[in-house]
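First up is the structure itself, then whatever we jot down about it.
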Amino acid sequence: MFLWIIKRDLLLAVRRRSDVLTTLFFFVIVVSLFPLSVGPEMNMLRTMAPGVVWVAALLASMLSLGRMFSNDYLDGTLEQVLLSPQSLSLLVLGKALAHWLVTGVPLVLMAPILGIQYDLPAEALSVLTVSLLLGTPVLSLIGAIGAALTLGLRGGGVLVSLLVLPLYIPVLIFGSGAVEANMAGLGYDAHFSLLGAFLLVSLVFSPWATAASLRVSME
Amino acid sequence: MAINWFKYSSPASFYSLAGKMIPIFVILAVVLLIAGLYVGFFVAPTDFQQGEAYRIIFIHVPAAWMSMFLYVVMACWAGIGLAFNTRLSSMVATAIAPTGAMFTFLALWTGALWGKPMWGTWWVWDARLTSELILLFLYIGFMSLQAAIDDPRRADKAGAIIALVGVINIPIIYFSVQWWNTLHQGASVSLNQAPAMATTMLTGMLIMVFASWMYSIAVILKRTRVIILERESHTAWVAELRKKEAI
């Protein structure tokens with residue numbers, strides 16, 4: 001059932017490719033806006049790069065949250081899923097994982113290319129990619145709670161950002177902090193450990209909280 | 001004598017209890033506020049490092065403490081409401097949020113006013129300031145989520161979940177000055193060592209903390225009463241009350 005729901009969501013994403021691409025291009029465009037707005041000074045861009053890439057990834061991942069449950073909610077699938085005897089937390093975990101595969105992984109793959117635009121050194125590029133690899137699943141997992149809570153509400157899209165962005169801040173701080181520490185010649189193990197800890201904690205608690213939120217929203 | 005603890009978990013009986021309690025807390029708040037401000041401005045000595053500017057501590061510290069504490073209390077009541085499906089607990093949680101947000105804003109604002117003469121800047125991106133700002137965002141998120149949901153029971157439960165998720169931030173704020181060594185000074189008052197300030201300063205601050213407490217309780221009770229009336233407007237006892245008040 002867990003694998004089934006991942007497979008199903010991936011299939012749906014493949015059939016509706018534009019959704020995936022929109023998120024990815026949003027990410028690329030937001031990152032490209034910064035050099036245009038603050039000027040193409042390479043030294044400044046290099047110091048800004050980790051923060052800019054991370055903020056853009058955060059926004060891109062957040063914008064696609066609406067899709068996580070809303071289609072299933074509209075066509076009634078979600079109701080059937082809630083009625084099924086399988087553990088709802090597990091199903092939610094599958095949905096969050098599928099969301100990460102569809103939106104998070106393309107961002108991670110795209111990040112090194114954008115990093116080159118900002119003239120990041122090779123080692124910082126790999127640190128940036130690994131930090132995103134550890135961080136983006138946390139974004140999907142935390143975002144699932146917000147998406148479930150705002151299901152079917154008017155103005156849900158804006159509301160979800162109010163709920164979710166404050167919770168994203170720690171991931172942002174340590175994710176971009178890892179790259180900055182690397183560029184300053186410091187160790188970045190601590191940042192990675194913390195990101196890993198966030199991942200594990202959200203892996204345990206988020207499906208549970210999301211399942212509870214879905215039950216509240218579907219009452 | 002057996003006390004029926006659950007008597008006041010009914011909105012109707014809590015309504016009249018709260019009505020009797022509000023004047024007590026209002027009087028206590030006013031008296032403590034006057035006493036605290038008097039001690040703070042006239043009795044407490046001038047600080048040898050920070051001069052007169054330190055006196056904002058009498059508002060800043062109580063506000064910061066209340067902002068964190070009220071969030072925990074709010075999350076507790078919201079959690080109880082979620083777990084036991086009690087209406088009143090969720091109403092109290094809803095009533096706490098605006099007061100908590102007000103104190104968070106006050107803490108940030110007075111902090112900025114204090115930071116300008118001491119650090120030479122209104123704002124720094126220091127760990128404690130940032131996490132207090134996140135706390136303000138959490139309060140705003142909680143309130144806007146509840147405002148967006150029309151069904152009050154769903155609003156209660158959804159708010160409870162987001163409040164409980166946000167509780168993680170509280171220990172981060174509290175310990176941030178110990179974990180990260182940044183511009184914000186360490187705690188001047190703690191349980192396991194002598195406070196690093198003059199006794200009169202400490203007294204003034206504690207009186208102000210109690211004043212904020214009493215103020216918060218009074219305002220929260222008042223707001224809970226209003227929420228009760230709003231949500232129970234279809235019930236017989238509210239209709240009766242309306243008839244009685246009209247006469």
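In the structure tokens, chains take the letters A, B, ... in the order shown, each chain's residues start at 1, and ligands count up from 1 in the order shown.
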Chain B residues near chain A within 7 Å, closest pair each, using only C-alpha atoms, as a Markdown table:
```
| residue | atom | partner | partner_atom | distance |
| --- | --- | --- | --- | --- |
| B:Ile134 | CA | A:Pro166 | CA | 5.8 |
| B:Phe137 | CA | A:Pro166 | CA | 6.3 |
| B:Leu138 | CA | A:Pro166 | CA | 6.6 |
| B:Gly141 | CA | A:Leu163 | CA | 5.0 |
| B:Leu145 | CA | A:Leu159 | CA | 6.8 |
| B:Ala148 | CA | A:Leu153 | CA | 6.9 |
| B:Ile149 | CA | A:Leu153 | CA | 6.7 |
| B:Arg154 | CA | A:Val216 | CA | 6.1 |
| B:Lys157 | CA | A:Val216 | CA | 6.5 |
| B:Ala158 | CA | A:Leu149 | CA | 6.0 |
| B:Ile161 | CA | A:Ser213 | CA | 6.9 |
```
Please produce a file of those selected residues containing N, CA and C atoms, as a PDB file, in the first residue's frame.
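Contents of result_12.pdb, freshly written:
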```
ATOM      1  N   ILE B 134      10.207  34.319  15.216  1.00  0.00           N
ATOM      2  CA  ILE B 134       9.505  33.128  14.735  1.00  0.00           C
ATOM      3  C   ILE B 134       8.291  32.858  15.612  1.00  0.00           C
ATOM      4  N   PHE B 137       5.539  34.835  14.453  1.00  0.00           N
ATOM      5  CA  PHE B 137       4.959  34.238  13.245  1.00  0.00           C
ATOM      6  C   PHE B 137       4.065  33.052  13.607  1.00  0.00           C
ATOM      7  N   LEU B 138       4.487  32.287  14.604  1.00  0.00           N
ATOM      8  CA  LEU B 138       3.683  31.124  14.991  1.00  0.00           C
ATOM      9  C   LEU B 138       2.329  31.561  15.539  1.00  0.00           C
ATOM     10  N   GLY B 141       0.290  32.656  12.641  1.00  0.00           N
ATOM     11  CA  GLY B 141      -0.182  31.496  11.886  1.00  0.00           C
ATOM     12  C   GLY B 141      -1.360  30.821  12.567  1.00  0.00           C
ATOM     13  N   LEU B 145      -5.013  30.752  10.901  1.00  0.00           N
ATOM     14  CA  LEU B 145      -5.617  29.458  10.556  1.00  0.00           C
ATOM     15  C   LEU B 145      -7.012  29.361  11.168  1.00  0.00           C
ATOM     16  N   ALA B 148      -9.509  31.421   9.370  1.00  0.00           N
ATOM     17  CA  ALA B 148      -9.879  31.005   8.015  1.00  0.00           C
ATOM     18  C   ALA B 148     -10.907  29.887   8.016  1.00  0.00           C
ATOM     19  N   ILE B 149     -11.047  29.193   9.153  1.00  0.00           N
ATOM     20  CA  ILE B 149     -11.949  28.051   9.184  1.00  0.00           C
ATOM     21  C   ILE B 149     -13.277  28.481   9.789  1.00  0.00           C
ATOM     22  N   ARG B 154     -13.700  22.530  13.930  1.00  0.00           N
ATOM     23  CA  ARG B 154     -12.553  22.221  13.077  1.00  0.00           C
ATOM     24  C   ARG B 154     -11.433  23.228  13.307  1.00  0.00           C
ATOM     25  N   LYS B 157      -9.491  22.278  16.420  1.00  0.00           N
ATOM     26  CA  LYS B 157      -8.610  21.112  16.286  1.00  0.00           C
ATOM     27  C   LYS B 157      -7.427  21.415  15.385  1.00  0.00           C
ATOM     28  N   ALA B 158      -7.710  22.107  14.272  1.00  0.00           N
ATOM     29  CA  ALA B 158      -6.603  22.445  13.372  1.00  0.00           C
ATOM     30  C   ALA B 158      -5.616  23.358  14.084  1.00  0.00           C
ATOM     31  N   ILE B 161      -3.344  21.429  16.454  1.00  0.00           N
ATOM     32  CA  ILE B 161      -2.237  20.696  15.838  1.00  0.00           C
ATOM     33  C   ILE B 161      -1.088  21.638  15.515  1.00  0.00           C
TER      34      ILE B 161
END
```
Test item: residues at most 6 Å from stretch 59-69 of chain A, only C-alpha atoms, excluding those fewer than 2 positions along its chain, as a list of chain:residue names: A:Thr23, A:Phe27, A:Ala56, A:Ala57, A:Asn71, A:Asp72, A:Tyr73, A:Ala147
For stretch 37-50 of chain B, find every residue with an atom within 12 Å (counting only C-alpha atoms), except residues of its own chain fewer than 3 positions away, and show them as a PyMOL selection string. chain B and resi 29-34+53-59+114-119+196-209+211-212
Write a file of the selected residues as a tab-separated table (two decimals), in the first residue's frame, keeping N, CA and C atoms.
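result.tsv, freshly written:
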```tsv
chain	number	residue	atom	x	y	z
B	29	ALA	N	-3.94	43.38	38.95
B	29	ALA	CA	-3.05	43.81	37.88
B	29	ALA	C	-2.72	45.29	38.02
B	30	VAL	N	-3.75	46.11	38.31
B	30	VAL	CA	-3.51	47.55	38.40
B	30	VAL	C	-2.59	47.86	39.58
B	31	VAL	N	-2.90	47.24	40.75
B	31	VAL	CA	-2.09	47.51	41.94
B	31	VAL	C	-0.64	47.10	41.70
B	32	LEU	N	-0.45	45.89	41.17
B	32	LEU	CA	0.91	45.40	40.94
B	32	LEU	C	1.63	46.25	39.90
B	33	LEU	N	0.89	46.69	38.90
B	33	LEU	CA	1.51	47.49	37.84
B	33	LEU	C	2.03	48.80	38.42
B	34	ILE	N	1.18	49.45	39.26
B	34	ILE	CA	1.60	50.72	39.85
B	34	ILE	C	2.81	50.48	40.75
B	53	ALA	N	19.07	53.59	30.96
B	53	ALA	CA	18.38	52.92	29.86
B	53	ALA	C	17.96	51.50	30.22
B	54	TYR	N	18.63	50.94	31.23
B	54	TYR	CA	18.31	49.56	31.56
B	54	TYR	C	16.89	49.42	32.06
B	55	ARG	N	16.28	50.54	32.48
B	55	ARG	CA	14.97	50.44	33.14
B	55	ARG	C	13.89	49.84	32.26
B	56	ILE	N	14.16	49.75	30.99
B	56	ILE	CA	13.18	49.12	30.11
B	56	ILE	C	13.06	47.63	30.41
B	57	ILE	N	14.01	47.11	31.17
B	57	ILE	CA	13.97	45.70	31.58
B	57	ILE	C	12.65	45.38	32.28
B	58	PHE	N	12.10	46.40	33.00
B	58	PHE	CA	10.89	46.12	33.77
B	58	PHE	C	9.70	45.83	32.87
B	59	ILE	N	9.80	46.18	31.63
B	59	ILE	CA	8.74	45.79	30.69
B	59	ILE	C	9.22	44.66	29.78
B	114	TRP	N	15.71	49.02	23.53
B	114	TRP	CA	16.82	48.80	24.44
B	114	TRP	C	18.11	48.58	23.66
B	115	GLY	N	17.97	47.92	22.53
B	115	GLY	CA	19.15	47.59	21.74
B	115	GLY	C	19.83	48.83	21.16
B	116	LYS	N	19.02	49.84	20.82
B	116	LYS	CA	19.60	51.03	20.18
B	116	LYS	C	20.65	51.71	21.06
B	117	PRO	N	20.34	52.06	22.33
B	117	PRO	CA	21.40	52.70	23.14
B	117	PRO	C	22.51	51.73	23.55
B	118	MET	N	22.19	50.42	23.73
B	118	MET	CA	23.18	49.49	24.27
B	118	MET	C	24.10	48.92	23.19
B	119	TRP	N	23.48	48.44	22.11
B	119	TRP	CA	24.27	47.78	21.05
B	119	TRP	C	24.50	48.72	19.88
B	196	ALA	N	22.01	38.01	39.14
B	196	ALA	CA	23.12	38.92	38.89
B	196	ALA	C	22.62	40.35	38.84
B	197	MET	N	21.79	40.75	39.76
B	197	MET	CA	21.31	42.14	39.77
B	197	MET	C	20.93	42.53	41.19
B	198	ALA	N	20.79	43.84	41.41
B	198	ALA	CA	20.46	44.33	42.74
B	198	ALA	C	19.07	43.84	43.15
B	199	THR	N	18.88	43.70	44.48
B	199	THR	CA	17.63	43.14	44.97
B	199	THR	C	16.43	43.98	44.57
B	200	THR	N	16.58	45.31	44.65
B	200	THR	CA	15.42	46.14	44.32
B	200	THR	C	15.06	46.02	42.84
B	201	MET	N	16.09	45.88	41.99
B	201	MET	CA	15.80	45.68	40.56
B	201	MET	C	15.01	44.40	40.37
B	202	LEU	N	15.49	43.37	41.07
B	202	LEU	CA	14.84	42.07	40.93
B	202	LEU	C	13.40	42.15	41.43
B	203	THR	N	13.21	42.82	42.59
B	203	THR	CA	11.85	42.94	43.13
B	203	THR	C	10.95	43.64	42.13
B	204	GLY	N	11.44	44.75	41.60
B	204	GLY	CA	10.63	45.50	40.64
B	204	GLY	C	10.25	44.64	39.45
B	205	MET	N	11.24	43.87	38.97
B	205	MET	CA	10.97	43.05	37.80
B	205	MET	C	9.95	41.96	38.11
B	206	LEU	N	10.12	41.34	39.30
B	206	LEU	CA	9.19	40.26	39.63
B	206	LEU	C	7.78	40.80	39.82
B	207	ILE	N	7.68	42.00	40.43
B	207	ILE	CA	6.33	42.59	40.59
B	207	ILE	C	5.72	42.83	39.21
B	208	MET	N	6.54	43.30	38.29
B	208	MET	CA	6.02	43.54	36.94
B	208	MET	C	5.61	42.23	36.28
B	209	VAL	N	6.38	41.14	36.56
B	209	VAL	CA	6.00	39.85	36.00
B	209	VAL	C	4.63	39.44	36.53
B	211	ALA	N	2.35	41.41	37.64
B	211	ALA	CA	1.34	42.31	37.06
B	211	ALA	C	0.95	41.82	35.67
B	212	SER	N	1.95	41.41	34.87
B	212	SER	CA	1.63	40.91	33.53
B	212	SER	C	0.79	39.65	33.62
```
As a ChimeraX atom specification, please: the residues near stretch 123-126 of chain A (cut-off 7 Å, only C-alpha atoms, same-chain neighbours under 3 positions excluded). /A:112,115,120,129-130,179,182-183
Could you please take those selected residues and save C-alpha atoms as a tab-separated table (two decimals), in the first residue's frame?
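Now in part_11.tsv:
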```tsv
chain	number	residue	atom	x	y	z
A	112	PRO	CA	24.64	22.58	-8.73
A	115	GLY	CA	25.50	27.24	-8.05
A	120	LEU	CA	30.55	28.63	-6.23
A	129	THR	CA	23.67	19.58	-3.11
A	130	VAL	CA	24.02	17.30	-0.08
A	179	VAL	CA	27.51	25.85	2.65
A	182	ASN	CA	32.35	25.27	4.00
A	183	MET	CA	33.16	28.41	2.05
```
Can you pull out every residue within 10 Å of A:Ala49, counting only C-alpha atoms, but drop anything in the same chain fewer than 5 positions away, and send it as a ChimeraX atom specification? /A:31,34-35,44,54-55,114-120,128,176,179-180
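The spacing separating atom CA of A:Phe174 from atom CA of B:Ile173 amounts to 16.2 Å.
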What does the distance between atom CA of A:Leu12 and atom CA of A:His99 come to in Å, to one decimal place? 11.2 Å
